[in-house]
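Engineer: Got a structure for you, written out below as structure tokens; questions coming shortly.
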Amino acid sequence: MRLKMKQFFIIIYFLQILIGATSCREDELVVPAEYDIVTEIPAPDTRIRGFYLVNEGNMGSNKCTLDFFDYFTGLYARNIYPERNPEVIKELGDVGNDIGIYGSKLYVVVNCSHKVEVLDARSGKRIGQIDIPNCRYVRFYRGKAYVSSYVGPVLIDPEAPKGAVFEVDTASLAITRKVSVGYQPEEMEIVDDYMYVANSGGYRAPLYDNTVSVIQMIDFKQVRQIPVGINLHRLKKDSYGKLWVTSRGDYKSIPSRLYVLDKKPGYNQMTVSDTIPLACSDMAFFGDNMYFFATEWSEYTSSNTVTYGIIDTKTKKLVASSFITDGSEKEIAVPYGIAVHPETGDIFITDAKNYVSSGTLYCFSQQGKKKWSVRTGDIPAHICFLEK
């Protein structure tokens, strides 16, 4: 009975797409999405309808694409944006660097196209765009979207300017405020009305930045900078309010490292409380577990060293040298993105492979067993979950 119902919804889904495509103007070429059936479907009472995955596409190729997996039908849809928005000529653009949902809107940060595309989170239809130069990551807080920006052109330059964070009203999509931070800012988090921004200084190598900027949200001003480590990138908070920050090192003699920022008892400001001697490229949290992987590049060997692991966020100790237990990590060439289903705890890893052709998305159970995999667009990177 369940299989018949699933087949019924799949038929309805395709009919809706066909009707939408044929109703467009005759002179428009509609690029249809591609669909795969993923047989593993969770319990129907989950609050998660599905998830979006943005594929970066190689810089200069204008191949940023958007995929969607629907738990209700079991369908994985590749490159849905052209089909939902046939009137948009250049589609999503060049290098999709981040993605997030706030309210009814989906935000896609398109780095080298210097814009944030705003879509309806349910339909994928385009609402508008926000023009922000060399934009990087997006976070949300009290009715606003915050976007980090390198500000300057996409160019390695020892004289590259300081970056900024732009505040955007999520109702009007207008930029309301801007604050200058460190050089080439990356990820951000907000804790207790303060925003923390990881500054990389990547354009100014070897003179990397090594600070986390602290922004007071009330007046939107940078109030201090915390020295952490060079070439910072990821910055994420756990369930205890601690911040986990990654340093990419200099790809030569200074290795990648993981830092923890926390507040001392009776002290209201964040400081570096721990340095964990592990490489980390990206991370995701579920309960007290932090799942991470590292793809550490060495200019000496011209190769990557790939590792996986689990850290207990309470003790800040490594509790497992990998979260994949069935040997299927051998299938993954270049791990590039990670996410965890907020209810089931399933772990998702994206594989960029050779960076110029289709990647793969892998789904693992909490026990580290591979459940399924599916082909994606080029350089699958960032995932956000859509609630019912």
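Within each chain, counting starts at residue 1; across the structure tokens, chains are named A, B, ... in the order shown, with ligands numbered 1 upward in that order.
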Mind checking which residues fall within 8 Å of segment 112-122 of chain A, counting only C-alpha atoms, ignoring those fewer than 4 positions away in the same chain, and posting them as a compact mmCIF listing (two decimals) with C-alpha atoms, in the first residue's frame?
Structural biologist:
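File produced: selection_13.txt:
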# COMPACT_ATOMS: atom_id res chain seq x y z
CA MET A 59 34.74 29.22 -10.56
CA GLY A 60 34.19 30.85 -13.93
CA LEU A 92 21.85 30.90 -10.49
CA GLY A 93 25.30 32.12 -11.50
CA ASP A 94 28.94 31.54 -10.58
CA VAL A 95 29.96 29.66 -7.39
CA ILE A 101 16.20 29.15 5.01
CA SER A 104 9.32 31.28 3.94
CA LYS A 105 12.42 32.31 1.96
CA LEU A 106 15.45 30.39 0.71
CA TYR A 107 18.71 32.35 0.39
CA VAL A 108 21.48 31.20 -1.98
CA ARG A 126 12.65 33.37 -7.57
CA ILE A 127 11.56 36.33 -5.40
CA GLY A 128 14.48 38.66 -5.95
CA GLN A 129 18.18 39.23 -5.46
CA ILE A 130 20.43 41.19 -3.11
CA ASP A 131 23.57 42.65 -4.66
CA ILE A 132 26.56 42.18 -2.34
CA PRO A 133 30.16 42.16 -3.63
CA ASN A 134 32.13 38.93 -3.23
CA CYS A 135 29.60 37.56 -0.76
CA VAL A 154 37.92 38.12 -6.63
CA LEU A 386 13.14 22.38 4.88
Engineer: Once you count only C-alpha atoms, what closest atom pair and distance in Å to one decimal does each residue of segment 223-311 of chain A within 12 Å of segment 173-183 of chain A have, with rows by chain and rising residue number, as a Markdown table?
Structural biologist:
| residue | atom | partner | partner_atom | distance |
| --- | --- | --- | --- | --- |
| A:Val223 | CA | A:Val181 | CA | 9.9 |
| A:Arg224 | CA | A:Val181 | CA | 9.6 |
| A:Gln225 | CA | A:Gly182 | CA | 8.4 |
| A:Ile226 | CA | A:Gly182 | CA | 10.7 |
| A:Pro227 | CA | A:Gly182 | CA | 11.2 |
| A:Ile230 | CA | A:Tyr183 | CA | 11.2 |
| A:Asn231 | CA | A:Tyr183 | CA | 9.7 |
| A:Leu232 | CA | A:Tyr183 | CA | 10.3 |
| A:His233 | CA | A:Tyr183 | CA | 11.6 |
Engineer: Would you kindly return, as an NGL selection string, each protein, DNA or RNA residue with an atom no farther than 9 Å from any atom of Ala171 of chain A, considering only C-alpha atoms and excluding same-chain residues fewer than 3 positions away?
Structural biologist: :A and (143-144 or 168 or 174)
Engineer: Run DSSP on the backbone and give me the residues of segment 137-207 of chain A it puts in strand (DSSP E), as a ChimeraX atom specification.
Structural biologist: /A:137-141,144-149,162-169,175-183,185-191,194-199
Engineer: Limited to N, CA and C atoms, could you put the picked residues into a file as a compact mmCIF listing (two decimals), in the first residue's frame?
Structural biologist:
# COMPACT_ATOMS: atom_id res chain seq x y z
N TYR A 137 28.95 34.03 3.17
CA TYR A 137 28.07 33.20 4.00
C TYR A 137 26.90 34.03 4.52
N VAL A 138 25.81 33.32 4.90
CA VAL A 138 24.62 33.99 5.38
C VAL A 138 24.17 33.39 6.72
N ARG A 139 23.72 34.26 7.64
CA ARG A 139 23.13 33.85 8.91
C ARG A 139 21.92 34.76 9.16
N PHE A 140 21.06 34.36 10.10
CA PHE A 140 19.81 35.09 10.32
C PHE A 140 19.63 35.38 11.81
N TYR A 141 18.98 36.53 12.08
CA TYR A 141 18.79 36.93 13.48
C TYR A 141 17.74 38.03 13.54
N LYS A 144 16.43 39.67 10.34
CA LYS A 144 17.47 40.17 9.43
C LYS A 144 18.32 39.00 8.93
N ALA A 145 18.85 39.20 7.72
CA ALA A 145 19.86 38.29 7.18
C ALA A 145 21.19 39.01 7.24
N TYR A 146 22.26 38.27 7.57
CA TYR A 146 23.59 38.85 7.65
C TYR A 146 24.51 38.09 6.70
N VAL A 147 25.18 38.85 5.83
CA VAL A 147 26.00 38.25 4.78
C VAL A 147 27.43 38.75 4.91
N SER A 148 28.38 37.81 5.03
CA SER A 148 29.79 38.22 5.04
C SER A 148 30.27 38.47 3.62
N SER A 149 31.21 39.39 3.47
CA SER A 149 31.65 39.82 2.15
C SER A 149 33.14 40.16 2.17
N LYS A 162 39.82 45.38 3.71
CA LYS A 162 39.10 44.67 4.76
C LYS A 162 37.70 44.31 4.27
N GLY A 163 37.16 43.23 4.85
CA GLY A 163 35.84 42.79 4.48
C GLY A 163 34.76 43.46 5.32
N ALA A 164 33.53 42.96 5.16
CA ALA A 164 32.40 43.56 5.87
C ALA A 164 31.31 42.52 6.06
N VAL A 165 30.38 42.86 6.94
CA VAL A 165 29.14 42.10 7.08
C VAL A 165 27.99 43.05 6.76
N PHE A 166 27.11 42.61 5.85
CA PHE A 166 25.96 43.40 5.44
C PHE A 166 24.70 42.89 6.15
N GLU A 167 23.89 43.81 6.63
CA GLU A 167 22.60 43.48 7.24
C GLU A 167 21.49 43.71 6.21
N VAL A 168 20.61 42.72 6.05
CA VAL A 168 19.54 42.78 5.06
C VAL A 168 18.20 42.56 5.74
N ASP A 169 17.25 43.42 5.47
CA ASP A 169 15.88 43.24 5.98
C ASP A 169 15.22 42.11 5.19
N ILE A 175 19.31 46.32 1.90
CA ILE A 175 20.46 46.39 2.81
C ILE A 175 20.23 47.55 3.77
N THR A 176 20.30 47.26 5.06
CA THR A 176 20.00 48.28 6.06
C THR A 176 21.25 48.82 6.78
N ARG A 177 22.24 47.93 7.00
CA ARG A 177 23.46 48.39 7.67
C ARG A 177 24.65 47.58 7.17
N LYS A 178 25.84 48.11 7.44
CA LYS A 178 27.08 47.45 7.04
C LYS A 178 28.15 47.77 8.08
N VAL A 179 28.96 46.76 8.41
CA VAL A 179 30.04 46.98 9.36
C VAL A 179 31.33 46.37 8.81
N SER A 180 32.43 47.10 8.95
CA SER A 180 33.73 46.62 8.52
C SER A 180 34.29 45.65 9.55
N VAL A 181 34.92 44.55 9.06
CA VAL A 181 35.50 43.56 9.97
C VAL A 181 36.96 43.33 9.55
N GLY A 182 37.44 42.09 9.66
CA GLY A 182 38.81 41.79 9.28
C GLY A 182 38.93 41.51 7.79
N TYR A 183 40.06 40.93 7.41
CA TYR A 183 40.32 40.66 5.99
C TYR A 183 39.68 39.35 5.56
N PRO A 185 36.42 37.94 5.40
CA PRO A 185 35.64 37.23 6.43
C PRO A 185 34.88 36.04 5.85
N GLU A 186 34.72 35.02 6.68
CA GLU A 186 34.05 33.79 6.26
C GLU A 186 32.78 33.56 7.09
N GLU A 187 32.73 32.44 7.83
CA GLU A 187 31.49 32.10 8.55
C GLU A 187 31.29 32.97 9.78
N MET A 188 30.01 33.02 10.21
CA MET A 188 29.61 33.86 11.34
C MET A 188 28.67 33.07 12.24
N GLU A 189 28.59 33.46 13.50
CA GLU A 189 27.56 32.97 14.42
C GLU A 189 27.19 34.10 15.37
N ILE A 190 25.99 34.01 15.95
CA ILE A 190 25.52 35.02 16.89
C ILE A 190 25.23 34.36 18.23
N VAL A 191 25.85 34.88 19.29
CA VAL A 191 25.66 34.38 20.64
C VAL A 191 25.42 35.58 21.56
N TYR A 194 25.79 39.17 20.26
CA TYR A 194 27.07 39.48 19.66
C TYR A 194 27.30 38.54 18.47
N MET A 195 27.79 39.11 17.38
CA MET A 195 28.15 38.29 16.23
C MET A 195 29.66 38.07 16.22
N TYR A 196 30.04 36.82 15.91
CA TYR A 196 31.45 36.45 15.81
C TYR A 196 31.74 36.07 14.36
N VAL A 197 32.79 36.65 13.79
CA VAL A 197 33.10 36.49 12.37
C VAL A 197 34.54 35.98 12.22
N ALA A 198 34.69 34.88 11.50
CA ALA A 198 36.02 34.31 11.25
C ALA A 198 36.67 35.03 10.06
N ASN A 199 37.80 35.68 10.30
CA ASN A 199 38.53 36.39 9.25
C ASN A 199 39.67 35.53 8.73
Engineer: Here is a test: counting only C-alpha atoms, which residue of A:Ser256, A:Asn304, A:Asn58, A:Thr275 is nearest to Lys316 of chain A?
Structural biologist: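 Distance minimum relative to Lys316 of chain A lands on A:Thr275.
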Engineer: Tell me which of A:Cys363, A:Ala205, A:Ala381, A:Leu66 sits closest to Ser281 of chain A, counting only C-alpha atoms.
Structural biologist: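 Closest candidate: A:Ala381.
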Engineer: With distances taken over only C-alpha atoms, which of A:Val260, A:Gly229, A:Arg136, A:Thr170 is nearest to Gly103 of chain A?
Structural biologist: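 Ranking A:Val260, A:Gly229, A:Arg136, A:Thr170 by distance to Gly103 of chain A, first place goes to A:Thr170.
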Engineer: In Å to one decimal, how far is atom CA of Gly96 of chain A from atom CA of Glu56 of chain A?
Structural biologist: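 Atom-to-atom, atom CA of Glu56 of chain A to atom CA of Gly96 of chain A, that is 4.2 Å.
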Engineer: From the set A:Glu387, A:Asp192, A:Asp312, A:Asp346, which residue has the shortest atom-to-atom contact distance to Ile324 of chain A, counting only C-alpha atoms?
Structural biologist: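 Ranked by minimum distance to Ile324 of chain A, first place goes to A:Asp346.
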